[in-house]
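Asks: First the structure, which I've put down as structure tokens, then a few questions once you've had a look.
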Amino acid sequence: MSHILVIANETVASTQLLDAVRGEAEAGVDLVTVLAPVNAPSGGYVVYEDTRRAAAGRRLDRTLNALHEAGISAHGLVVDTSPEDAVRDALATLEPPPDRIVVSTHPAQKSGWLRKNVVDKIRAAAGSTPVEHIVVDLESEGGPKNVLVVANETVIGEPLLARIRERAKRLRRALTILRADGIDAHGQVAHPDPFTAATHAVEDERIDEIIVSTFAPSKSPWLRRDLIQRLHKATNLPVEHVVLQEEAAITT
């Protein structure tokens with residue numbers, strides 16, 4: 001029985017990786033196991049482990065759904081260890097043991113794994129098991145964008161909701177990964193500082209653009225701390241600002 005072990009971070013649900021795995025399956029692979037590591041924080045004093053684990057779980061679910069739709073027998077695990085330790089554990093415990101490993105990363109200029117020599121460490125942990133490295137450029141794949149919305153009391157304000165609806169209309173071509181109402185959305189309570197919460201989210205999963213919702217400048221402590229400019233500078237992503245006027249707020 002042929003068995004492939006796949007390990008990747010944000011690129012785990014990429015078209016390039018899925019196509020490679022599908023090709024292997026068509027060539028006679030019987031089973032695919034996908035490992036989705038929980039991202040390690042790059043800094044800071046507070047770590048929201050649940051949000052990082054949830055992000056890894058979403059990446060894993062998208063990948064398994066795509067493989068199942070292609071008729072490939074696949075299962076997966078969210079793992080808390082380093083990628084190389086996860087591979088070492090998988091080789092020691094999975095039955096049948098994987099006979100090949102596929103590692104997926106961003107290109108060198110964007111990949112933390114490559115900067116930390118993770119692929120080489122996985123090859124060392126794999127021993128005699130062959131390791132294939134696939135480089136995935138998510139920007140070249142197109143497809144739906146992942147939009148991060150940062151909001152506090154304004155989260156149910158009509159201007160923000162209208163902007164999200166408008167953005168969602170542009171994504172309806174990706175019907176296979178959108179929910180029945182047309183928007184694939186999830187949310188979580190994060191770090192109390194909006195800048196820290198947003199930068200953590202960018203570390204945890206692929207983010208293409210950010211929408212920040214605030215009250216008017218005269219009433220927004222976020223704007224007094226230059227949140228919009230700081231986020232753009234720190235993430236190098238487009239940051240859109242939506243202002244909720246007090247009279248436009250939804251009350252209950």
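Residues are named by chain letter and number: chains run A, B, ... in the order of the structure tokens, numbers start at 1 in each chain, and ligands are numbered from 1 in the order shown.
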Excluding Leu17 (chain A) and its own-chain neighbours fewer than 4 positions away, which residues fall within 10 Å of it when counting only C-alpha atoms? Please give them as an MDAnalysis selection string.

Replies: chainID A and resid 6 8 11:13 21:23 63 102:105 134:136

Asks: Take the residues just selected and output them with C-alpha atoms as a PDB file, in the first residue's frame.

Replies:
ATOM      1  CA  VAL A   6       2.357  15.840   3.143  1.00  0.00           C
ATOM      2  CA  ALA A   8       3.026  22.332   4.772  1.00  0.00           C
ATOM      3  CA  THR A  11       0.656  26.634   1.313  1.00  0.00           C
ATOM      4  CA  VAL A  12      -1.080  23.446   2.420  1.00  0.00           C
ATOM      5  CA  ALA A  13      -4.310  24.165   0.524  1.00  0.00           C
ATOM      6  CA  VAL A  21      -0.722  15.101  -4.710  1.00  0.00           C
ATOM      7  CA  ARG A  22      -3.479  14.304  -7.201  1.00  0.00           C
ATOM      8  CA  GLY A  23      -0.815  13.352  -9.740  1.00  0.00           C
ATOM      9  CA  THR A  63      -6.858  20.476   1.915  1.00  0.00           C
ATOM     10  CA  VAL A 102       6.096  16.005   0.189  1.00  0.00           C
ATOM     11  CA  VAL A 103       7.069  19.337   1.797  1.00  0.00           C
ATOM     12  CA  SER A 104       5.497  22.559   0.541  1.00  0.00           C
ATOM     13  CA  THR A 105       6.833  26.064   1.232  1.00  0.00           C
ATOM     14  CA  ILE A 134       7.419  21.890  -3.737  1.00  0.00           C
ATOM     15  CA  VAL A 135       7.678  25.694  -3.896  1.00  0.00           C
ATOM     16  CA  VAL A 136       4.274  27.383  -4.022  1.00  0.00           C
TER      17      VAL A 136
END

Asks: What's around region 215-232 of chain A at 6 Å? Count only C-alpha atoms, leave out sequence neighbours fewer than 4 positions away in its own chain, and write the answer as number ranges by chain.

Replies: A: 236-237, 239, 243-245

Asks: Quick one: which region 50-70 of chain A residues come within 9 Å of region 194-206 of chain A, and what is the nearest atom pair for each with the distance in Å to one decimal, counting only C-alpha atoms, rows ordered by chain and ascending number, as a Markdown table?

Replies:
| residue | atom | partner | partner_atom | distance |
| --- | --- | --- | --- | --- |
| A:Thr51 | CA | A:Asp204 | CA | 8.3 |
| A:Arg52 | CA | A:Asp204 | CA | 5.9 |
| A:Arg53 | CA | A:Asp204 | CA | 8.9 |
| A:Ala55 | CA | A:Asp204 | CA | 6.3 |
| A:Ala56 | CA | A:Asp204 | CA | 7.8 |
| A:Arg59 | CA | A:Glu205 | CA | 8.2 |

Asks: Leaving out Ala124 (chain A) and any residue of its chain fewer than 6 positions from it, which residues lie within 10 Å of it when counting only C-alpha atoms, given as a list in words?

Replies: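 So, after excluding close chain neighbours, the residues are Glu84, Arg88, Val118 and Val131 of chain A.
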
Asks: Name the residues in contact with His68 (chain A) at a cut-off of 12 Å, using only C-alpha atoms, excluding same-chain residues fewer than 6 positions from it; report them as a JSON list (two decimals) with N, CA and C atoms, in the first residue's frame.

Replies:
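Saved result, result_36.json, follows:
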[["chain", "number", "residue", "atom", "x", "y", "z"],
["A", 18, "LEU", "N", -1.94, 20.61, -4.25],
["A", 18, "LEU", "CA", -3.03, 19.65, -4.47],
["A", 18, "LEU", "C", -2.87, 18.95, -5.82],
["A", 21, "VAL", "N", -0.23, 16.27, -5.44],
["A", 21, "VAL", "CA", -0.72, 15.10, -4.71],
["A", 21, "VAL", "C", -1.70, 14.31, -5.57],
["A", 22, "ARG", "N", -2.56, 15.01, -6.31],
["A", 22, "ARG", "CA", -3.48, 14.30, -7.20],
["A", 22, "ARG", "C", -2.70, 13.49, -8.23],
["A", 25, "ALA", "N", -1.50, 10.43, -6.68],
["A", 25, "ALA", "CA", -2.58, 9.48, -6.46],
["A", 25, "ALA", "C", -2.96, 8.75, -7.75],
["A", 31, "LEU", "N", -2.99, 6.22, -0.15],
["A", 31, "LEU", "CA", -3.36, 6.99, 1.04],
["A", 31, "LEU", "C", -2.47, 8.22, 1.15],
["A", 32, "VAL", "N", -3.09, 9.34, 1.58],
["A", 32, "VAL", "CA", -2.35, 10.58, 1.83],
["A", 32, "VAL", "C", -2.62, 11.02, 3.26],
["A", 61, "ASP", "N", -8.52, 21.38, 6.91],
["A", 61, "ASP", "CA", -9.85, 21.05, 6.40],
["A", 61, "ASP", "C", -9.98, 21.36, 4.92],
["A", 62, "ARG", "N", -9.45, 22.52, 4.48],
["A", 62, "ARG", "CA", -9.54, 22.88, 3.07],
["A", 62, "ARG", "C", -8.80, 21.87, 2.21],
["A", 74, "ALA", "N", -7.68, 10.35, 2.10],
["A", 74, "ALA", "CA", -6.77, 11.23, 2.83],
["A", 74, "ALA", "C", -7.29, 11.49, 4.22],
["A", 75, "HIS", "N", -6.38, 11.65, 5.14],
["A", 75, "HIS", "CA", -6.72, 12.09, 6.48],
["A", 75, "HIS", "C", -5.59, 13.00, 6.95],
["A", 76, "GLY", "N", -5.77, 13.66, 8.09],
["A", 76, "GLY", "CA", -4.74, 14.60, 8.51],
["A", 76, "GLY", "C", -4.77, 14.89, 9.98]]

Asks: For a test of reading the model, state the distance in Å between CA of Asp85 (chain A) and CA of Arg58 (chain A), rounded to one decimal.

Replies: 21.5 Å

Asks: Among region 9-96 of chain A, which residues does DSSP mark as alpha helix (DSSP H) when it is run on the backbone? Keep the chain and numbering as in the structure and answer as a PyMOL selection string.

Replies: chain A and resi 15-26+49-69+83-93

Asks: For N, CA and C atoms, I'd like the residues from the last selection saved as a compact mmCIF listing (two decimals), in the first residue's frame.

Replies:
# COMPACT_ATOMS: atom_id res chain seq x y z
N THR A 15 -3.24 25.24 -4.88
CA THR A 15 -3.54 24.47 -6.09
C THR A 15 -2.33 23.65 -6.53
N GLN A 16 -1.14 24.25 -6.44
CA GLN A 16 0.07 23.54 -6.88
C GLN A 16 0.32 22.28 -6.07
N LEU A 17 0.16 22.39 -4.75
CA LEU A 17 0.38 21.23 -3.90
C LEU A 17 -0.70 20.17 -4.14
N LEU A 18 -1.94 20.61 -4.25
CA LEU A 18 -3.03 19.65 -4.47
C LEU A 18 -2.87 18.95 -5.82
N ASP A 19 -2.45 19.69 -6.83
CA ASP A 19 -2.23 19.07 -8.14
C ASP A 19 -1.12 18.02 -8.07
N ALA A 20 -0.06 18.33 -7.32
CA ALA A 20 1.04 17.37 -7.19
C ALA A 20 0.57 16.11 -6.48
N VAL A 21 -0.23 16.27 -5.44
CA VAL A 21 -0.72 15.10 -4.71
C VAL A 21 -1.70 14.31 -5.57
N ARG A 22 -2.56 15.01 -6.31
CA ARG A 22 -3.48 14.30 -7.20
C ARG A 22 -2.70 13.49 -8.23
N GLY A 23 -1.64 14.08 -8.77
CA GLY A 23 -0.82 13.35 -9.74
C GLY A 23 -0.21 12.10 -9.15
N GLU A 24 0.23 12.20 -7.91
CA GLU A 24 0.79 11.03 -7.24
C GLU A 24 -0.29 9.97 -7.05
N ALA A 25 -1.50 10.43 -6.68
CA ALA A 25 -2.58 9.48 -6.46
C ALA A 25 -2.96 8.75 -7.75
N GLU A 26 -2.98 9.50 -8.84
CA GLU A 26 -3.31 8.87 -10.13
C GLU A 26 -2.24 7.85 -10.54
N GLU A 49 -3.04 30.34 21.81
CA GLU A 49 -2.83 29.04 21.21
C GLU A 49 -4.07 28.56 20.47
N ASP A 50 -5.26 28.84 21.02
CA ASP A 50 -6.49 28.37 20.38
C ASP A 50 -6.66 28.97 18.98
N THR A 51 -6.30 30.24 18.81
CA THR A 51 -6.48 30.86 17.50
C THR A 51 -5.48 30.29 16.50
N ARG A 52 -4.26 30.00 16.94
CA ARG A 52 -3.26 29.41 16.04
C ARG A 52 -3.65 27.99 15.65
N ARG A 53 -4.15 27.25 16.62
CA ARG A 53 -4.60 25.88 16.31
C ARG A 53 -5.81 25.92 15.37
N ALA A 54 -6.72 26.87 15.57
CA ALA A 54 -7.88 26.98 14.69
C ALA A 54 -7.46 27.30 13.26
N ALA A 55 -6.44 28.17 13.10
CA ALA A 55 -5.95 28.50 11.76
C ALA A 55 -5.37 27.27 11.08
N ALA A 56 -4.59 26.49 11.83
CA ALA A 56 -4.04 25.25 11.26
C ALA A 56 -5.16 24.28 10.89
N GLY A 57 -6.18 24.22 11.72
CA GLY A 57 -7.31 23.33 11.42
C GLY A 57 -8.05 23.73 10.16
N ARG A 58 -8.19 25.03 9.93
CA ARG A 58 -8.86 25.48 8.71
C ARG A 58 -8.04 25.12 7.47
N ARG A 59 -6.71 25.29 7.55
CA ARG A 59 -5.86 24.90 6.43
C ARG A 59 -5.99 23.40 6.14
N LEU A 60 -5.99 22.62 7.20
CA LEU A 60 -6.10 21.18 7.03
C LEU A 60 -7.44 20.79 6.42
N ASP A 61 -8.52 21.38 6.91
CA ASP A 61 -9.85 21.05 6.40
C ASP A 61 -9.98 21.36 4.92
N ARG A 62 -9.45 22.52 4.48
CA ARG A 62 -9.54 22.88 3.07
C ARG A 62 -8.80 21.87 2.21
N THR A 63 -7.65 21.43 2.68
CA THR A 63 -6.86 20.48 1.91
C THR A 63 -7.55 19.13 1.83
N LEU A 64 -8.03 18.62 2.96
CA LEU A 64 -8.68 17.31 2.96
C LEU A 64 -9.95 17.34 2.11
N ASN A 65 -10.71 18.43 2.18
CA ASN A 65 -11.92 18.53 1.36
C ASN A 65 -11.58 18.45 -0.13
N ALA A 66 -10.52 19.16 -0.54
CA ALA A 66 -10.13 19.14 -1.95
C ALA A 66 -9.65 17.76 -2.37
N LEU A 67 -8.90 17.08 -1.52
CA LEU A 67 -8.43 15.73 -1.85
C LEU A 67 -9.59 14.75 -1.92
N HIS A 68 -10.53 14.86 -0.99
CA HIS A 68 -11.68 13.96 -1.01
C HIS A 68 -12.53 14.19 -2.26
N GLU A 69 -12.68 15.47 -2.65
CA GLU A 69 -13.44 15.76 -3.87
C GLU A 69 -12.78 15.16 -5.10
N PRO A 83 8.11 21.03 12.44
CA PRO A 83 7.87 20.21 11.26
C PRO A 83 8.72 18.95 11.23
N GLU A 84 10.01 19.08 11.58
CA GLU A 84 10.87 17.90 11.52
C GLU A 84 10.50 16.87 12.58
N ASP A 85 10.10 17.33 13.78
CA ASP A 85 9.65 16.39 14.81
C ASP A 85 8.34 15.73 14.41
N ALA A 86 7.46 16.51 13.76
CA ALA A 86 6.18 15.95 13.30
C ALA A 86 6.42 14.84 12.29
N VAL A 87 7.36 15.06 11.38
CA VAL A 87 7.69 14.03 10.39
C VAL A 87 8.29 12.81 11.07
N ARG A 88 9.19 13.04 12.00
CA ARG A 88 9.82 11.92 12.72
C ARG A 88 8.76 11.08 13.46
N ASP A 89 7.82 11.75 14.12
CA ASP A 89 6.76 11.04 14.83
C ASP A 89 5.86 10.27 13.87
N ALA A 90 5.54 10.91 12.73
CA ALA A 90 4.65 10.27 11.76
C ALA A 90 5.29 9.00 11.19
N LEU A 91 6.57 9.06 10.88
CA LEU A 91 7.25 7.88 10.34
C LEU A 91 7.29 6.75 11.34
N ALA A 92 7.32 7.10 12.65
CA ALA A 92 7.40 6.07 13.68
C ALA A 92 6.05 5.48 14.05
N THR A 93 4.94 6.21 13.77
CA THR A 93 3.64 5.76 14.28
C THR A 93 2.61 5.42 13.22

Asks: With distances taken over only C-alpha atoms, which of A:Pro37, A:Gly28, A:Pro96, A:Pro107 is nearest to Asp137 (chain A)?

Replies: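 Comparing A:Pro37, A:Gly28, A:Pro96, A:Pro107 against Asp137 (chain A), the winner is A:Pro107.
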
Asks: What's the separation between CA of Thr214 (chain A) and CA of Leu148 (chain A), in Å to one decimal place?

Replies: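 For CA of Thr214 (chain A) relative to CA of Leu148 (chain A), the distance reads 14.3 Å.
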
Asks: Tell me, as a PDB file with C-alpha atoms, in the first residue's frame, which residues lie within 8 Å of Val147 (chain A), counting only C-alpha atoms; anything in the same chain fewer than 5 positions away does not count.

Replies:
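See out10.pdb below for the written result:
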ATOM      1  CA  ILE A 207      -3.887  37.194   4.563  1.00  0.00           C
ATOM      2  CA  ASP A 208      -4.247  39.180   1.328  1.00  0.00           C
ATOM      3  CA  GLU A 209      -5.709  42.416   2.623  1.00  0.00           C
ATOM      4  CA  ILE A 210      -6.951  44.002   5.833  1.00  0.00           C
ATOM      5  CA  ILE A 211     -10.097  46.010   6.614  1.00  0.00           C
TER       6      ILE A 211
END

Asks: CA of Val78 (chain A) and CA of Leu5 (chain A) are how many Å apart?

Replies: 13.3 Å

Asks: Closest to Val38 (chain A) among A:His3, A:Ser213, A:Val150, A:Asp80, using only C-alpha atoms?

Replies: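 So, comparing all the options, the nearest one is A:Asp80.
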